[in-house]
Amino acid sequence: MEVSSSFKTYWQVWGILLILTLFMIFFESVDAPVGVTIIVLVVAMLLKATLIGGWFMHLRKESIFLTVILVAATLLTVAVLFFLLIPDAMAGTVLQ
Amino acid sequence: MANQAAVRPEISWEGGTSPFQVSWQKLMMWFFLVSDALLFAGFLVAYGYVRLSSDSWPDQGEVFTMALIGVMTFVLITSSATMASAVGGARDGDLIRARKFVIMTAVGGVLFLGMQAFEWTTLISEGATLTQNPWGVKGFSAFFFVITGFHGIHVLIGIVILVITAVRLGRGQTTAAGVELTGLYWHFVDLIWVFIFTCFYLI
């Protein structure tokens, strides 16, 4: 059976996802400053999300118009939620 | 007839019949996935708010068995790769290979749910409920059950869709586009787990 190049790519992406997951579990157990840990884990998380969205969901092969609308809509709404709520939480404001 | 044509309003739409260059089924699936992603975004931001507002928070490493969570993540990532392989097979016209990988993906989903059931049972036996838990912060177990529960329901629905897809593939009733739609949903389930795994279990 001839193996297509896309088949190989999927399993290469799987390997990278696995390595990133193992790295994240390892890094979480390292005694690094909290800020550094959060930044490293979030970057690794976004990298994994990009690999899944771009390669497994084929978003990188869709039209740029569709990709921008989907990604921008999601990120914008998440950003609004985040920046409306999280600063209050960090300032110690508790909802009554 | 000539008069009717003369009064017809001028058409200004220039986007053609497919402005996003995808089928309407795929476009609707993408819109659904974005709206569903926002549901989980709401959960995770609410979780972040409560956690940052709390004076203390349980150490996840002491509450959860990280080895089990790691294996659950491995299973879900692997099932995503088998699903992508199923889509690739369907696109190549090899429906037998596609069906084989769809079944493997469903098995991965069942394994994941089994491990999640074990994790839930363990925590419940330790006294965790939606309203209280032995680790001191009430919201901790509530967020755990709600976030992982909603994700688990998505996995369960995904398994049902995968089984239907496998049956339809066997009967020759579905196309590569149908397998791709199933794939989009399953990859979304994996994508959401990436965020839950990082935000809830690791950070």
# chains A, B, ... in the order shown; residues from 1 in each chain; ligands from 1

call {"tool": "residues_around", "arguments": {"residues": "Ile147 in chain B", "least_positions_apart": "4", "cutoff": "12 Å", "atoms": "only C-alpha atoms", "output": "list in words"}}
result
Leu39, Phe40, Ala41, Gly42, Phe43, Leu44, Val45, Ala46, Tyr47, Leu130, Gly139, Phe140, Ser141, Ala142, Phe143, His151, Gly152, Ile153, His154, Ile192, Trp193, Phe195, Ile196, Phe197, Cys199, Phe200 and Tyr201 of chain B

call {"tool": "residues_around", "arguments": {"residues": "Met90 in chain A", "least_positions_apart": "3", "cutoff": "8 Å", "atoms": "only C-alpha atoms", "output": "PDB file with N, CA and C atoms, in the first residue's frame"}}
result
ATOM      1  N   ILE A  86     -10.428  39.231  34.214  1.00  0.00           N
ATOM      2  CA  ILE A  86      -9.206  38.837  34.929  1.00  0.00           C
ATOM      3  C   ILE A  86      -8.544  39.988  35.695  1.00  0.00           C
ATOM      4  N   PRO A  87      -8.484  41.232  35.138  1.00  0.00           N
ATOM      5  CA  PRO A  87      -7.880  42.320  35.927  1.00  0.00           C
ATOM      6  C   PRO A  87      -8.581  42.530  37.264  1.00  0.00           C
ATOM      7  N   THR A  93     -10.776  42.113  43.538  1.00  0.00           N
ATOM      8  CA  THR A  93     -12.192  42.440  43.587  1.00  0.00           C
ATOM      9  C   THR A  93     -13.000  41.147  43.510  1.00  0.00           C
TER      10      THR A  93
ATOM     11  N   LEU B  52      -7.997  33.198  40.661  1.00  0.00           N
ATOM     12  CA  LEU B  52      -7.188  34.364  41.023  1.00  0.00           C
ATOM     13  C   LEU B  52      -7.794  35.120  42.204  1.00  0.00           C
ATOM     14  N   SER B  53      -9.112  35.009  42.381  1.00  0.00           N
ATOM     15  CA  SER B  53      -9.776  35.694  43.496  1.00  0.00           C
ATOM     16  C   SER B  53      -9.623  34.941  44.813  1.00  0.00           C
TER      17      SER B  53
END

call {"tool": "residues_around", "arguments": {"residues": "range 42-47 of chain A", "least_positions_apart": "5", "cutoff": "12 Å", "atoms": "only C-alpha atoms", "output": "PyMOL selection string"}}
result
(chain A and resi 13+16-25+27-28+35-37+52-55+75) or (chain B and resi 191-200+202-203)

call {"tool": "residues_around", "arguments": {"residues": "Thr77 in chain A", "least_positions_apart": "3", "cutoff": "10 Å", "atoms": "only C-alpha atoms", "output": "MDAnalysis selection string"}}
result
(chainID A and resid 72:74 80:82) or (chainID B and resid 38 41:42)

call {"tool": "residues_around", "arguments": {"residues": "range 121-124 of chain B", "least_positions_apart": "6", "cutoff": "9 Å", "atoms": "only C-alpha atoms", "output": "MDAnalysis selection string"}}
result
chainID B and resid 63:64 133 141

call {"tool": "select_by_dssp", "arguments": {"residues": "range 61-186 of chain B", "states": "helix (DSSP H, G or I)", "output": "PyMOL selection string"}}
result
chain B and resi 61-63+66-91+95-125+138-170+176-186

call {"tool": "write_last_selection", "arguments": {"atoms": "C-alpha atoms", "output": "compact mmCIF listing (two decimals), in the first residue's frame"}}
result
# COMPACT_ATOMS: atom_id res chain seq x y z
CA GLY B 61 -0.31 17.44 41.57
CA GLU B 62 -1.65 16.24 44.92
CA VAL B 63 -5.30 15.98 43.86
CA MET B 66 -0.79 13.28 36.61
CA ALA B 67 0.33 10.00 35.02
CA LEU B 68 -3.33 9.19 34.31
CA ILE B 69 -3.98 12.66 32.89
CA GLY B 70 -0.87 12.25 30.71
CA VAL B 71 -2.14 8.91 29.36
CA MET B 72 -5.60 10.44 28.74
CA THR B 73 -3.94 13.23 26.75
CA PHE B 74 -1.82 10.72 24.83
CA VAL B 75 -4.94 8.70 23.92
CA LEU B 76 -6.82 11.79 22.72
CA ILE B 77 -3.88 13.08 20.65
CA THR B 78 -3.46 9.63 19.10
CA SER B 79 -7.17 9.45 18.30
CA SER B 80 -6.85 12.82 16.58
CA ALA B 81 -4.00 11.44 14.43
CA THR B 82 -6.05 8.36 13.52
CA MET B 83 -8.98 10.63 12.63
CA ALA B 84 -6.74 12.74 10.39
CA SER B 85 -5.55 9.50 8.76
CA ALA B 86 -9.21 8.50 8.21
CA VAL B 87 -9.88 11.81 6.48
CA GLY B 88 -6.72 11.32 4.38
CA GLY B 89 -7.86 7.79 3.44
CA ALA B 90 -11.32 9.02 2.47
CA ARG B 91 -9.81 11.78 0.35
CA LEU B 95 -12.86 3.94 2.17
CA ILE B 96 -11.72 0.68 3.81
CA ARG B 97 -8.66 2.43 5.27
CA ALA B 98 -10.86 5.39 6.26
CA ARG B 99 -13.31 3.10 8.07
CA LYS B 100 -10.48 1.30 9.89
CA PHE B 101 -9.10 4.58 11.19
CA VAL B 102 -12.56 5.89 12.14
CA ILE B 103 -13.11 2.74 14.26
CA MET B 104 -9.67 3.19 15.87
CA THR B 105 -10.61 6.79 16.68
CA ALA B 106 -13.85 5.66 18.33
CA VAL B 107 -11.92 3.11 20.40
CA GLY B 108 -9.60 5.95 21.51
CA GLY B 109 -12.65 7.96 22.56
CA VAL B 110 -14.05 5.07 24.58
CA LEU B 111 -10.67 4.60 26.30
CA PHE B 112 -10.54 8.30 27.15
CA LEU B 113 -14.05 8.25 28.61
CA GLY B 114 -13.22 5.12 30.61
CA MET B 115 -10.21 6.83 32.16
CA GLN B 116 -12.26 9.96 32.84
CA ALA B 117 -14.90 7.83 34.57
CA PHE B 118 -12.15 6.32 36.72
CA GLU B 119 -10.83 9.79 37.59
CA TRP B 120 -14.32 11.02 38.51
CA THR B 121 -15.03 7.93 40.61
CA THR B 122 -11.75 8.34 42.48
CA LEU B 123 -12.41 12.01 43.30
CA ILE B 124 -16.04 11.34 44.30
CA SER B 125 -14.90 8.52 46.60
CA LYS B 138 -15.45 24.96 47.16
CA GLY B 139 -15.17 26.15 43.56
CA PHE B 140 -12.35 23.75 42.77
CA SER B 141 -14.41 20.58 42.44
CA ALA B 142 -17.36 22.48 40.89
CA PHE B 143 -15.14 23.73 38.08
CA PHE B 144 -13.54 20.31 37.71
CA PHE B 145 -16.84 18.48 37.29
CA VAL B 146 -18.44 21.12 35.05
CA ILE B 147 -15.48 21.67 32.70
CA THR B 148 -14.38 18.04 32.35
CA GLY B 149 -18.04 16.95 32.34
CA PHE B 150 -18.94 19.19 29.41
CA HIS B 151 -15.84 18.01 27.58
CA GLY B 152 -16.72 14.39 28.35
CA ILE B 153 -20.22 14.91 26.90
CA HIS B 154 -18.57 16.24 23.74
CA VAL B 155 -16.37 13.11 23.59
CA LEU B 156 -19.46 10.91 24.04
CA ILE B 157 -21.31 12.71 21.23
CA GLY B 158 -18.14 12.39 19.11
CA ILE B 159 -18.08 8.61 19.66
CA VAL B 160 -21.71 8.35 18.52
CA ILE B 161 -20.90 10.41 15.39
CA LEU B 162 -17.83 8.22 14.73
CA VAL B 163 -19.85 5.00 15.01
CA ILE B 164 -22.49 6.41 12.62
CA THR B 165 -19.72 7.46 10.21
CA ALA B 166 -18.11 3.99 10.37
CA VAL B 167 -21.46 2.30 9.66
CA ARG B 168 -22.22 4.66 6.78
CA LEU B 169 -18.70 4.14 5.37
CA GLY B 170 -19.28 0.38 5.46
CA ALA B 176 -14.93 12.06 1.92
CA ALA B 177 -16.65 15.33 2.78
CA GLY B 178 -18.77 13.54 5.39
CA VAL B 179 -15.70 11.95 6.98
CA GLU B 180 -14.02 15.36 7.01
CA LEU B 181 -16.96 16.91 8.92
CA THR B 182 -16.73 14.13 11.51
CA GLY B 183 -12.98 14.79 11.66
CA LEU B 184 -13.47 18.51 12.28
CA TYR B 185 -15.68 17.77 15.29
CA TRP B 186 -13.27 15.19 16.71

call {"tool": "atom_distance", "arguments": {"atom1": "CA of Thr50 in chain A", "atom2": "CA of Phe20 in chain B"}}
result
20.4 Å

call {"tool": "atom_distance", "arguments": {"atom1": "CA of Ser18 in chain B", "atom2": "CA of Ser35 in chain B"}}
result
21.4 Å

call {"tool": "closest_residue", "arguments": {"among": "A:Leu41, A:Val68, A:Leu59, A:Leu84", "to": "chain B", "atoms": "only C-alpha atoms"}}
result
A:Leu41

call {"tool": "closest_residue", "arguments": {"among": "B:Gly136, B:Gly93, B:Pro58, B:Gly127", "to": "chain A", "atoms": "only C-alpha atoms"}}
result
B:Gly93

call {"tool": "atom_distance", "arguments": {"atom1": "CA of Trp30 in chain B", "atom2": "CA of Gln12 in chain A"}}
result
24.9 Å

call {"tool": "closest_residue", "arguments": {"among": "A:Thr9, A:Leu76, A:Lys61, A:Leu85", "to": "chain B", "atoms": "only C-alpha atoms"}}
result
A:Leu85

call {"tool": "closest_residue", "arguments": {"among": "A:Phe26, A:Thr67, A:Phe7, A:Ala32", "to": "chain B", "atoms": "only C-alpha atoms"}}
result
A:Phe7
